[in-house]
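Student: This is my_file38.cif (mmCIF, C-alpha atoms).
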```
data_final
loop_
_atom_site.label_atom_id
_atom_site.label_comp_id
_atom_site.auth_asym_id
_atom_site.auth_seq_id
_atom_site.Cartn_x
_atom_site.Cartn_y
_atom_site.Cartn_z
CA MET A 1 -81.57 283.58 129.39
CA ALA A 2 -82.64 284.24 132.87
CA ASP A 3 -83.08 287.95 132.57
CA LEU A 4 -86.58 288.00 133.95
CA ARG A 5 -87.19 288.26 137.64
CA LEU A 6 -90.57 287.53 139.17
CA VAL A 7 -91.55 289.00 142.52
CA LEU A 8 -94.87 287.82 143.90
CA VAL A 9 -96.04 289.88 146.88
CA THR A 10 -99.11 289.61 149.05
CA PRO A 11 -99.80 291.90 152.01
CA GLU A 12 -98.71 289.10 154.32
CA LYS A 13 -95.68 287.73 152.62
CA THR A 14 -93.31 287.85 149.70
CA LEU A 15 -94.06 284.46 148.24
CA PHE A 16 -91.67 284.38 145.39
CA ASP A 17 -88.58 286.27 144.34
CA ARG A 18 -86.58 284.39 141.73
CA GLU A 19 -85.27 284.43 138.22
CA VAL A 20 -87.63 282.83 135.74
CA ASP A 21 -87.76 282.21 132.00
CA SER A 22 -91.29 283.39 131.45
CA VAL A 23 -94.46 284.19 133.31
CA SER A 24 -98.10 284.03 132.39
CA VAL A 25 -100.43 286.20 134.43
CA PRO A 26 -104.23 286.33 134.54
CA MET A 27 -105.13 289.83 133.42
CA PHE A 28 -108.59 291.29 133.99
CA ASP A 29 -109.62 290.25 130.49
CA GLY A 30 -107.62 287.10 129.91
CA SER A 31 -104.23 285.60 130.30
CA ALA A 32 -101.08 287.45 129.24
CA GLY A 33 -97.62 286.04 128.76
CA ILE A 34 -94.51 287.93 129.77
CA TYR A 35 -91.15 287.11 128.26
CA PRO A 36 -87.81 288.83 128.77
CA HIS A 37 -87.45 292.29 127.20
CA ARG A 38 -91.11 293.06 127.45
CA ALA A 39 -92.05 296.73 127.25
CA PRO A 40 -92.87 298.35 130.62
CA LEU A 41 -96.41 297.60 131.69
CA VAL A 42 -98.77 298.29 134.55
CA GLY A 43 -101.86 296.19 134.45
CA ARG A 44 -104.82 295.09 136.45
CA LEU A 45 -105.12 291.42 137.28
CA GLY A 46 -108.16 289.26 137.54
CA VAL A 47 -108.73 286.04 139.40
CA GLY A 48 -106.93 283.07 137.94
CA GLU A 49 -103.78 281.14 137.52
CA LEU A 50 -100.28 282.55 137.39
CA THR A 51 -97.85 280.20 135.69
CA LEU A 52 -94.12 280.56 135.59
CA ARG A 53 -91.54 278.56 133.73
CA SER A 54 -88.00 278.31 134.89
CA GLY A 55 -85.34 275.83 133.89
CA GLY A 56 -87.73 273.44 132.20
CA GLY A 57 -90.18 273.17 135.10
CA THR A 58 -93.38 275.07 135.64
CA GLU A 59 -95.06 276.26 138.80
CA SER A 60 -98.43 277.80 139.21
CA TYR A 61 -100.28 279.86 141.77
CA PHE A 62 -103.91 280.76 142.14
CA ILE A 63 -104.11 284.51 142.61
CA GLU A 64 -106.98 286.85 143.38
CA GLY A 65 -106.82 290.14 141.60
CA GLY A 66 -104.23 292.82 142.09
CA PHE A 67 -101.68 294.40 139.79
CA VAL A 68 -98.73 293.52 137.68
CA GLN A 69 -95.85 295.82 136.99
CA VAL A 70 -93.18 295.09 134.43
CA LYS A 71 -90.15 297.31 134.64
CA GLY A 72 -87.05 296.21 132.77
CA PRO A 73 -86.26 292.68 133.82
CA GLN A 74 -88.43 292.84 136.92
CA VAL A 75 -91.99 291.60 137.02
CA SER A 76 -93.83 292.49 140.23
CA VAL A 77 -97.14 290.87 140.95
CA LEU A 78 -99.17 292.39 143.78
CA THR A 79 -102.14 290.39 144.86
CA SER A 80 -104.30 290.14 147.95
CA ALA A 81 -104.00 286.36 148.12
CA ALA A 82 -101.95 283.71 146.35
CA VAL A 83 -102.07 279.96 146.87
CA PRO A 84 -99.80 277.42 145.17
CA ALA A 85 -102.04 275.60 142.70
CA GLY A 86 -101.02 272.25 144.18
CA GLU A 87 -102.61 273.18 147.48
CA LEU A 88 -106.02 273.83 146.00
CA THR A 89 -108.52 271.04 146.36
CA VAL A 90 -111.67 270.40 144.42
CA GLU A 91 -113.63 270.20 147.70
CA GLU A 92 -112.52 273.67 148.67
CA GLY A 93 -113.60 275.03 145.31
CA THR A 94 -116.92 273.23 145.44
CA ALA A 95 -117.58 274.59 148.90
CA ALA A 96 -116.87 278.12 147.69
CA LEU A 97 -119.15 277.52 144.71
CA GLU A 98 -121.99 276.28 146.89
CA GLU A 99 -121.56 279.25 149.16
CA ALA A 100 -121.68 281.66 146.24
CA LYS A 101 -124.72 279.92 144.80
CA ALA A 102 -126.56 280.16 148.10
CA GLU A 103 -126.06 283.90 148.16
CA LYS A 104 -129.06 285.91 147.08
CA GLY A 105 -128.61 289.36 145.72
CA SER A 106 -131.20 291.91 144.75
CA THR A 107 -129.10 295.02 144.24
CA ASP A 108 -126.74 295.48 141.33
CA ALA A 109 -123.71 295.44 143.60
CA ALA A 110 -124.79 292.25 145.32
CA ILE A 111 -125.41 290.49 142.01
CA GLU A 112 -122.04 291.59 140.75
CA SER A 113 -120.27 290.37 143.85
CA ARG A 114 -122.11 287.05 143.56
CA GLU A 115 -121.00 286.71 139.95
CA GLN A 116 -117.44 287.42 140.97
CA LYS A 117 -117.57 284.79 143.68
CA LEU A 118 -119.04 282.24 141.29
CA ASP A 119 -116.33 282.99 138.78
CA ARG A 120 -113.65 282.66 141.45
CA ALA A 121 -115.01 279.34 142.67
CA ARG A 122 -115.24 277.92 139.16
CA LYS A 123 -111.67 278.91 138.42
CA MET A 124 -110.55 277.32 141.66
CA ILE A 125 -112.21 274.04 140.67
CA THR A 126 -110.71 274.14 137.17
CA ILE A 127 -107.22 274.61 138.51
CA ALA A 128 -107.66 272.03 141.25
CA ARG A 129 -108.94 269.44 138.75
CA ARG A 130 -105.94 269.87 136.53
CA ASN A 131 -103.57 268.94 139.31
CA MET B 132 -87.46 281.86 214.07
CA ALA B 133 -91.06 282.43 212.93
CA ASN B 134 -89.89 285.52 211.16
CA ALA B 135 -87.30 283.60 209.18
CA ARG B 136 -89.83 281.01 208.07
CA LEU B 137 -92.16 283.75 206.88
CA LEU B 138 -89.32 285.23 204.88
CA VAL B 139 -88.56 281.86 203.27
CA LYS B 140 -92.16 281.62 202.16
CA ARG B 141 -92.16 285.06 200.65
CA LEU B 142 -88.83 284.44 198.98
CA LYS B 143 -90.24 281.33 197.37
CA SER B 144 -93.27 283.10 195.99
CA VAL B 145 -91.17 285.97 194.65
CA ARG B 146 -88.92 283.48 192.89
CA ASN B 147 -91.94 281.74 191.39
CA ILE B 148 -93.28 285.01 190.06
CA ARG B 149 -89.88 285.79 188.64
CA LYS B 150 -89.95 282.51 186.75
CA ILE B 151 -93.32 283.40 185.27
CA THR B 152 -92.39 286.92 184.24
CA ARG B 153 -89.11 285.72 182.77
CA THR B 154 -90.93 283.13 180.68
CA MET B 155 -93.47 285.69 179.53
CA GLU B 156 -90.63 287.95 178.51
CA LEU B 157 -89.10 285.20 176.41
CA ILE B 158 -92.44 284.38 174.80
CA ALA B 159 -93.05 288.05 174.03
CA THR B 160 -89.60 288.26 172.47
CA SER B 161 -90.21 285.38 170.10
CA ARG B 162 -93.70 286.64 169.25
CA PHE B 163 -92.27 290.07 168.64
CA LYS B 164 -89.77 288.66 166.17
CA ARG B 165 -92.54 286.89 164.30
CA ALA B 166 -94.77 289.97 164.26
CA MET B 167 -91.85 292.10 163.14
CA ASP B 168 -91.15 289.76 160.22
CA ARG B 169 -94.75 289.98 159.12
CA ALA B 170 -94.66 293.75 159.34
CA THR B 171 -91.55 293.85 157.19
CA GLU B 172 -93.17 291.64 154.57
CA ALA B 173 -96.23 293.84 154.55
CA ALA B 174 -94.07 296.93 154.12
CA GLU B 175 -92.83 295.44 150.86
CA TYR B 176 -96.41 295.34 149.53
CA THR B 177 -97.06 298.94 150.54
CA ARG B 178 -93.81 300.00 148.93
CA LYS B 179 -94.77 298.36 145.65
CA ILE B 180 -98.20 299.96 145.73
CA SER B 181 -96.73 303.40 146.20
CA GLU B 182 -94.30 302.67 143.39
CA ILE B 183 -97.16 301.93 141.02
CA VAL B 184 -98.99 305.01 142.26
CA GLY B 185 -95.88 307.01 141.50
CA ASP B 186 -95.83 305.52 138.02
CA LEU B 187 -99.46 306.47 137.55
CA GLY B 188 -98.59 310.00 138.54
CA LYS B 189 -96.40 310.26 135.46
CA ALA B 190 -99.30 309.37 133.23
CA ASP B 191 -100.85 312.79 133.74
CA LEU B 192 -104.25 312.01 135.11
CA LYS B 193 -106.30 313.54 137.84
CA PHE B 194 -106.21 311.76 141.15
CA SER B 195 -109.87 311.71 141.80
CA HIS B 196 -111.44 308.83 143.58
CA PRO B 197 -114.31 308.76 146.07
CA LEU B 198 -111.96 307.47 148.78
CA LEU B 199 -109.65 310.43 148.30
CA GLN B 200 -112.30 313.12 148.51
CA ASP B 201 -112.27 315.19 151.62
CA ARG B 202 -115.73 315.79 152.97
CA PRO B 203 -115.94 319.31 154.34
CA GLU B 204 -118.58 318.64 156.97
CA PRO B 205 -118.29 315.13 158.30
CA LYS B 206 -121.44 313.98 160.04
CA LYS B 207 -120.89 310.34 160.69
CA SER B 208 -117.59 308.78 161.61
CA VAL B 209 -116.28 305.43 162.72
CA LEU B 210 -113.67 305.13 165.43
CA LEU B 211 -111.79 301.87 165.42
CA VAL B 212 -109.80 301.12 168.56
CA LEU B 213 -107.08 298.48 168.52
CA THR B 214 -106.15 297.06 171.90
CA SER B 215 -104.78 293.73 173.03
CA ASN B 216 -106.68 290.68 174.18
CA ARG B 217 -104.31 290.10 177.06
CA GLY B 218 -103.01 292.30 179.80
CA LEU B 219 -99.62 292.45 181.50
CA CYS B 220 -98.16 294.68 178.86
CA GLY B 221 -97.45 297.87 180.77
CA GLY B 222 -99.00 301.07 179.55
CA TYR B 223 -99.82 299.74 176.10
CA ASN B 224 -103.61 299.59 176.41
CA GLY B 225 -103.79 302.53 178.79
CA ALA B 226 -102.19 304.90 176.32
CA VAL B 227 -104.47 303.86 173.46
CA LEU B 228 -107.60 304.09 175.59
CA ARG B 229 -106.66 307.48 177.03
CA ASN B 230 -106.30 308.79 173.50
CA THR B 231 -109.58 307.19 172.53
CA LEU B 232 -111.53 308.88 175.32
CA LYS B 233 -109.99 312.21 174.41
CA HIS B 234 -110.90 311.70 170.77
CA ILE B 235 -114.47 310.80 171.66
CA GLU B 236 -114.71 314.08 173.58
CA THR B 237 -113.58 316.09 170.56
CA LEU B 238 -115.99 314.20 168.31
CA LYS B 239 -118.80 315.05 170.69
CA ALA B 240 -117.71 318.69 170.85
CA ASP B 241 -117.69 318.91 167.06
CA GLY B 242 -121.12 317.38 166.89
CA ILE B 243 -119.99 314.44 164.80
CA ASP B 244 -121.99 311.28 165.20
CA TYR B 245 -119.68 308.33 165.75
CA SER B 246 -119.86 304.61 166.04
CA LEU B 247 -117.25 302.91 168.12
CA GLU B 248 -115.63 299.66 167.11
CA VAL B 249 -113.23 298.04 169.49
CA SER B 250 -110.86 295.16 168.95
CA GLY B 251 -109.31 293.44 171.94
CA LYS B 252 -110.76 292.28 175.26
CA ARG B 253 -108.82 294.85 177.25
CA GLY B 254 -110.35 297.77 175.41
CA ILE B 255 -113.84 296.30 175.56
CA LYS B 256 -113.61 295.79 179.32
CA PHE B 257 -112.25 299.26 179.96
CA LEU B 258 -114.84 301.03 177.84
CA ASN B 259 -117.65 299.02 179.38
CA PHE B 260 -116.40 300.06 182.77
CA GLN B 261 -116.35 303.69 181.63
CA LYS B 262 -119.92 303.23 180.38
CA VAL B 263 -119.01 304.12 176.83
CA ASP B 264 -121.29 302.47 174.29
CA ILE B 265 -119.53 300.11 171.93
CA ASP B 266 -121.20 299.46 168.60
CA GLU B 267 -119.06 296.62 167.43
CA SER B 268 -116.42 294.53 169.13
CA TYR B 269 -113.89 292.02 167.90
CA THR B 270 -111.74 289.64 169.86
CA HIS B 271 -110.47 287.40 167.08
CA PHE B 272 -107.47 289.52 166.12
CA GLU B 273 -104.68 287.87 168.02
CA ASP B 274 -101.04 288.80 167.72
CA SER B 275 -100.91 287.80 164.07
CA PRO B 276 -103.93 289.21 162.26
CA THR B 277 -104.35 287.80 158.75
CA PHE B 278 -105.01 289.98 155.77
CA ALA B 279 -108.28 288.20 155.02
CA GLU B 280 -109.63 289.04 158.49
CA VAL B 281 -108.64 292.67 158.26
CA ASP B 282 -109.89 292.86 154.70
CA GLU B 283 -113.37 291.93 155.82
CA LEU B 284 -113.48 295.11 157.90
CA GLY B 285 -111.72 297.09 155.19
CA SER B 286 -114.24 296.14 152.50
CA ARG B 287 -117.10 297.14 154.73
CA TYR B 288 -115.55 300.54 155.42
CA VAL B 289 -114.90 301.12 151.73
CA ASP B 290 -118.50 300.27 150.86
CA ASP B 291 -119.90 302.42 153.66
CA PHE B 292 -117.69 305.32 152.75
CA ILE B 293 -118.53 305.25 149.06
CA ALA B 294 -122.23 304.90 149.84
CA GLY B 295 -121.95 307.93 152.11
CA ARG B 296 -122.93 306.10 155.26
CA ILE B 297 -119.71 307.22 156.89
CA ASP B 298 -117.68 310.35 156.24
CA ARG B 299 -114.59 309.52 158.21
CA LEU B 300 -112.69 306.59 159.65
CA ASP B 301 -110.34 307.11 162.56
CA VAL B 302 -108.15 304.43 163.99
CA SER B 303 -106.81 304.65 167.52
CA TYR B 304 -103.81 302.36 167.80
CA THR B 305 -100.17 302.21 168.75
CA SER B 306 -98.01 303.12 165.83
CA PHE B 307 -94.64 301.49 165.57
CA GLN B 308 -91.86 303.94 164.84
CA SER B 309 -88.84 301.99 165.92
CA ILE B 310 -88.02 299.21 168.33
CA SER B 311 -87.47 301.72 171.10
CA ARG B 312 -90.32 304.02 170.17
CA GLN B 313 -94.01 303.31 169.82
CA GLN B 314 -96.69 305.88 170.17
CA ALA B 315 -100.41 305.69 170.73
CA VAL B 316 -102.06 307.76 168.02
CA VAL B 317 -105.45 308.49 166.53
CA GLU B 318 -105.12 308.51 162.78
CA SER B 319 -107.68 309.41 160.19
CA ILE B 320 -107.34 306.92 157.35
CA LEU B 321 -110.52 307.64 155.43
CA PRO B 322 -110.63 309.79 153.38
CA LEU B 323 -107.15 308.75 152.35
CA SER B 324 -104.79 311.67 152.61
CA SER B 325 -101.96 310.16 150.65
CA LEU B 326 -101.63 307.02 148.65
CA GLY B 327 -99.37 304.21 149.61
CA GLY B 328 -97.87 304.85 152.98
CA ASP B 329 -95.71 307.50 154.52
CA GLU B 330 -92.86 307.26 152.07
CA GLY B 331 -94.83 309.56 149.79
CA GLU B 332 -95.17 309.14 146.10
CA SER B 333 -91.50 308.73 145.57
CA GLY B 334 -91.76 306.23 142.69
CA GLY B 335 -91.99 307.29 139.12
CA SER B 336 -88.86 306.01 137.51
CA GLY B 337 -89.40 307.88 134.28
CA VAL B 338 -90.26 304.65 132.49
CA ASP B 339 -92.87 304.96 129.78
CA TYR B 340 -95.47 302.40 130.82
CA GLU B 341 -98.18 300.72 128.92
CA PHE B 342 -101.32 300.74 131.03
CA GLN B 343 -103.86 298.01 130.82
CA PRO B 344 -106.76 298.64 130.72
CA SER B 345 -106.21 302.39 131.37
CA PRO B 346 -104.50 304.51 134.01
CA GLN B 347 -107.89 305.63 135.27
CA GLU B 348 -109.14 302.11 135.82
CA ILE B 349 -105.95 301.04 137.52
CA LEU B 350 -106.29 304.00 139.82
CA GLU B 351 -109.81 302.95 140.67
CA GLU B 352 -108.50 299.56 141.73
CA ILE B 353 -105.37 300.71 143.45
CA VAL B 354 -106.93 303.27 145.76
CA PRO B 355 -108.95 300.69 147.70
CA ALA B 356 -105.92 298.39 147.67
CA ALA B 357 -103.80 301.16 149.17
CA PHE B 358 -106.43 301.77 151.83
CA ARG B 359 -106.60 298.08 152.74
CA ALA B 360 -102.84 297.87 152.97
CA LYS B 361 -102.88 300.88 155.26
CA LEU B 362 -105.55 299.42 157.51
CA PHE B 363 -103.65 296.15 157.63
CA LYS B 364 -100.52 298.03 158.58
CA CYS B 365 -102.37 299.56 161.54
CA PHE B 366 -103.21 296.08 162.80
CA LEU B 367 -99.66 294.85 162.30
CA ASP B 368 -98.21 297.90 164.01
CA ALA B 369 -100.51 297.35 166.95
CA ALA B 370 -99.47 293.70 167.16
CA VAL B 371 -95.76 294.50 167.06
CA SER B 372 -96.12 297.30 169.60
CA GLU B 373 -98.07 295.05 171.93
CA GLN B 374 -95.30 292.48 172.00
CA ILE B 375 -92.66 295.14 172.57
CA ALA B 376 -94.70 296.65 175.40
CA ARG B 377 -95.09 293.23 176.99
CA MET B 378 -91.41 292.48 176.55
CA VAL B 379 -90.43 295.71 178.29
CA ALA B 380 -93.01 295.30 181.06
CA MET B 381 -91.94 291.74 181.77
CA LYS B 382 -88.27 292.64 181.73
CA GLY B 383 -88.99 295.30 184.35
CA ALA B 384 -91.00 292.83 186.41
CA THR B 385 -88.21 290.26 186.28
CA GLU B 386 -85.65 292.81 187.38
CA ASN B 387 -87.86 293.95 190.24
CA ALA B 388 -88.38 290.36 191.33
CA ASP B 389 -84.62 289.83 191.30
CA GLU B 390 -84.10 292.84 193.47
CA MET B 391 -86.84 291.79 195.86
CA ALA B 392 -85.48 288.28 196.11
CA GLY B 393 -82.06 289.71 196.96
CA ASP B 394 -83.49 291.90 199.71
CA LEU B 395 -85.53 289.05 201.16
CA LYS B 396 -82.54 286.74 201.12
CA GLN B 397 -80.51 289.31 203.02
CA GLN B 398 -83.28 289.80 205.55
CA TYR B 399 -83.60 286.07 205.96
CA ASN B 400 -79.86 285.65 206.53
CA ARG B 401 -79.90 288.37 209.14
CA ALA B 402 -82.88 286.85 210.91
CA ARG B 403 -81.21 283.45 210.87
CA GLN B 404 -77.96 284.87 212.22
CA ALA B 405 -79.84 286.75 214.92
CA GLY B 406 -81.57 283.49 215.89
CA ILE B 407 -78.24 281.63 216.16
CA THR B 408 -76.67 284.43 218.16
CA SER B 409 -79.53 284.56 220.63
CA GLU B 410 -79.49 280.75 220.98
CA LEU B 411 -75.75 280.80 221.67
CA ALA B 412 -76.22 283.57 224.19
CA GLU B 413 -78.89 281.48 225.89
CA ILE B 414 -76.61 278.41 226.08
CA ILE B 415 -73.68 280.42 227.37
CA GLY B 416 -75.96 282.19 229.81
CA GLY B 417 -77.36 278.84 230.95
CA ALA B 418 -73.88 277.34 231.41
CA ALA B 419 -72.74 280.40 233.34
CA ALA B 420 -75.75 280.09 235.65
CA LEU B 421 -74.89 276.46 236.44
CA GLU B 422 -71.40 277.25 237.69
#
```
What does the file become when written as structure tokens?

Tutor:
Amino acid sequence: MADLRLVLVTPEKTLFDREVDSVSVPMFDGSAGIYPHRAPLVGRLGVGELTLRSGGGTESYFIEGGFVQVKGPQVSVLTSAAVPAGELTVEEGTAALEEAKAEKGSTDAAIESREQKLDRARKMITIARRN
Amino acid sequence: MANARLLVKRLKSVRNIRKITRTMELIATSRFKRAMDRATEAAEYTRKISEIVGDLGKADLKFSHPLLQDRPEPKKSVLLVLTSNRGLCGGYNGAVLRNTLKHIETLKADGIDYSLEVSGKRGIKFLNFQKVDIDESYTHFEDSPTFAEVDELGSRYVDDFIAGRIDRLDVSYTSFQSISRQQAVVESILPLSSLGGDEGESGGSGVDYEFQPSPQEILEEIVPAAFRAKLFKCFLDAAVSEQIARMVAMKGATENADEMAGDLKQQYNRARQAGITSELAEIIGGAAALE
């Protein structure tokens, strides 16, 4: 029942363009699963893990924001950066976390950006640990 | 025979230079292919963005976003100049810098305060020589700029623009139109005139979408994304154009060297023949004198 096609695009590269069974994307407010015959959707993505299942196996990518568009059988994921989850290391995540922690913000915008960075680093560590 | 030896020396050096220019041509060709591939991949992203923008257009909402608002009386602008780090690429940097100087003149005439940001050693050197003040300079964008590097600049521009610290962003770079046509242009990319590239908002497939969280919020996210993609495209275009310019320049240089080597070889042969003839004449003359 491979009537779902996932296209994962970053500004630098088209990372993935294949038929899949199902996809789970990190939306801005939590994870959302996409199965074949889903109604058309345009949504905002958050930072997190994108998981796809095809032919019994699963693959996952760490993606940073962007958009998802579901149109018929095609799922397009646009994101500014995507890394295969297997390539993430705990050290990398910890370093990002330390960096975010060291940041001091006094304005609202700075605090918000710090929170976002902390969130991103924590998610990186979670995903890296699992592998 | 001194003449002939001189010619041999020159011939050798011309051949050496030919080897160098030929190699540079080959390197530029392979780099060009790589840069071109990257540009094609990036075009895919821009295309998708404009598709989503087109879809948003169907969801009857007003396209209002700070980045899209035209400011009637710009006071402060940023001029970003993209040149190469290396020379030997024909008129590539010259064209961009000529345009830049012209643009600076118009900015001055209009009384718009500007800050100049230059990427590439060539541009920095030239503008220093012209005694033009540079506010910011970058040399780390090589022939394959990464999105993360460009994004750093992009985020700063977005923040400055929204905060009202700048009213306009112009980029002076070489735009890539086709393999045989690149043009140095000054383009105003903030405020954004159109979303998602030159193809226009062609999308909109008539599909009834579900928007999460809401069309308005997606628009708020997608406008900066479209801007960043556009800025990134400028860098990629510049990189591709640079390699093409170098390829063409080096091809010309190789051909000239070939021609020069041919001429020198001919001159050398003539000089050698003249030497032999005069030697023979001397021997014959000597023998005739002995009789």

Student: Near Gly56 of chain A, within 12 Å and counting only C-alpha atoms, which residues show up once chain neighbours fewer than 3 positions away are dropped, as a ChimeraX atom specification?

Tutor: /A:2,20-22,52-53,59

Student: Go ahead and dump the residues you just picked, C-alpha atoms, as a CSV table (one decimal), in the coordinates of the input.

Tutor:
```csv
chain,number,residue,atom,x,y,z
A,2,ALA,CA,-82.6,284.2,132.9
A,20,VAL,CA,-87.6,282.8,135.7
A,21,ASP,CA,-87.8,282.2,132.0
A,22,SER,CA,-91.3,283.4,131.4
A,52,LEU,CA,-94.1,280.6,135.6
A,53,ARG,CA,-91.5,278.6,133.7
A,59,GLU,CA,-95.1,276.3,138.8
```

Student: Could you state which residues are captured by the PyMOL selection byres ((chain A) within 7 of (chain B)) in this file, as a list in words?

Tutor: Val9, Thr10, Pro11, Glu12, Lys13, Thr14, Pro40, Leu41, Val42, Gly43 and Arg44 of chain A

Student: Using Å and a single decimal, report how far atom CA of Gln374 of chain B sits from atom CA of Glu280 of chain B.

Tutor: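 Answer for the atom CA of Glu280 of chain B to atom CA of Gln374 of chain B separation: 20.0 Å.
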
Student: For a test of reading the model, state the distance in Å between atom CA of Glu87 of chain A and atom CA of Gly285 of chain B, rounded to one decimal.

Tutor: 26.7 Å

Student: What does the PyMOL selection byres ((chain B and resi 370) around 10) select in this file, as an MDAnalysis selection string?

Tutor: chainID B and resid 162:163 166:167 170 213:215 272:276 304:307 364:369 371:376

Student: Measuring atom to atom with only C-alpha atoms, identify which of A:Thr89, A:Ala95, A:Lys101, A:Gly55 is nearest to Thr126 of chain A.

Tutor: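 Ranking A:Thr89, A:Ala95, A:Lys101, A:Gly55 by distance to Thr126 of chain A, first place goes to A:Thr89.
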
Student: Here is a test: counting only C-alpha atoms, which residue of A:Leu45, A:Leu4, A:Leu118, A:Ala102 is nearest to Val77 of chain A?

Tutor: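 When distances to Val77 of chain A are compared using only C-alpha atoms, the smallest one comes from A:Leu45.
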
Student: Neighbours of Asp3 of chain A within 9 Å (only C-alpha atoms; same-chain residues fewer than 4 positions away dropped), as JSON, numbers by chain?

Tutor: {"A": [19, 20, 21, 36, 37, 73, 74]}

Student: Calculated over only C-alpha atoms, which of the candidates A:Tyr35, A:Thr94, A:Gly46, A:Ala100 has the smallest distance to Leu78 of chain A?

Tutor: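 Under the stated criterion, the closest residue is A:Gly46.
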
Student: With all atoms of segment 80-88 of chain A from the file as input, state the centre and edge lengths in Å to one decimal of the axis-aligned box that has 3 Å extra on each side, as lines of an AutoDock Vina configuration file.

Tutor:
```
center_x = -102.9
center_y = 281.2
center_z = 145.4
size_x = 12.2
size_y = 23.9
size_z = 11.4
```

Student: What's the separation between atom CA of Tyr223 of chain B and atom CA of Met391 of chain B, in Å to one decimal place?

Tutor: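 Separation of atom CA of Tyr223 of chain B and atom CA of Met391 of chain B: 24.9 Å.
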
Student: Evaluate the PyMOL selection byres ((chain B and resi 264) around 10) against this structure - the residues, as a PyMOL selection string, please.

Tutor: chain B and resi 246-248+255+258-259+261-263+265-267

Student: Output C-alpha atoms for every residue in the selection just made, as a compact mmCIF listing (two decimals), in the frame of the given file.

Tutor:
```
# COMPACT_ATOMS: atom_id res chain seq x y z
CA SER B 246 -119.86 304.61 166.04
CA LEU B 247 -117.25 302.91 168.12
CA GLU B 248 -115.63 299.66 167.11
CA ILE B 255 -113.84 296.30 175.56
CA LEU B 258 -114.84 301.03 177.84
CA ASN B 259 -117.65 299.02 179.38
CA GLN B 261 -116.35 303.69 181.63
CA LYS B 262 -119.92 303.23 180.38
CA VAL B 263 -119.01 304.12 176.83
CA ILE B 265 -119.53 300.11 171.93
CA ASP B 266 -121.20 299.46 168.60
CA GLU B 267 -119.06 296.62 167.43
```

Student: Taking only C-alpha atoms into account, which of A:Val68, A:Ile125, A:Ala110, A:Ile63 comes nearest Ala32 of chain A?

Tutor: A:Val68

Student: For Val47 of chain A, which residue out of A:Val75, A:Ala121, A:Leu88, A:Leu15 is the nearest one, using all atoms listed in the file?

Tutor: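 Of the candidates, the smallest distance to Val47 of chain A is held by A:Ala121.
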
Student: Reconstruct N, CA and C atoms of segment 222-234 of chain B from the incomplete input and present them as a CSV table (one decimal), in the frame of the given file.

Tutor:
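So the final result, stored in selection29.csv, reads:
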```
chain,number,residue,atom,x,y,z
B,222,GLY,N,-98.1,300.0,179.9
B,222,GLY,CA,-99.0,301.1,179.6
B,222,GLY,C,-99.6,301.0,178.2
B,223,TYR,N,-99.4,299.9,177.5
B,223,TYR,CA,-99.8,299.7,176.1
B,223,TYR,C,-101.3,300.1,175.9
B,224,ASN,N,-102.2,299.4,176.6
B,224,ASN,CA,-103.6,299.6,176.4
B,224,ASN,C,-104.0,300.9,177.0
B,225,GLY,N,-103.4,301.3,178.1
B,225,GLY,CA,-103.8,302.5,178.8
B,225,GLY,C,-103.6,303.7,177.9
B,226,ALA,N,-102.5,303.8,177.2
B,226,ALA,CA,-102.2,304.9,176.3
B,226,ALA,C,-103.2,305.0,175.2
B,227,VAL,N,-103.5,303.9,174.6
B,227,VAL,CA,-104.5,303.9,173.5
B,227,VAL,C,-105.8,304.3,173.9
B,228,LEU,N,-106.2,303.8,175.1
B,228,LEU,CA,-107.6,304.1,175.6
B,228,LEU,C,-107.7,305.5,176.1
B,229,ARG,N,-106.6,306.1,176.6
B,229,ARG,CA,-106.7,307.5,177.0
B,229,ARG,C,-106.9,308.4,175.8
B,230,ASN,N,-106.1,308.1,174.8
B,230,ASN,CA,-106.3,308.8,173.5
B,230,ASN,C,-107.7,308.7,173.0
B,231,THR,N,-108.2,307.4,173.1
B,231,THR,CA,-109.6,307.2,172.5
B,231,THR,C,-110.6,308.1,173.2
B,232,LEU,N,-110.5,308.1,174.6
B,232,LEU,CA,-111.5,308.9,175.3
B,232,LEU,C,-111.4,310.3,174.9
B,233,LYS,N,-110.2,310.8,174.8
B,233,LYS,CA,-110.0,312.2,174.4
B,233,LYS,C,-110.6,312.5,173.0
B,234,HIS,N,-110.4,311.5,172.1
B,234,HIS,CA,-110.9,311.7,170.8
B,234,HIS,C,-112.4,311.7,170.8
```
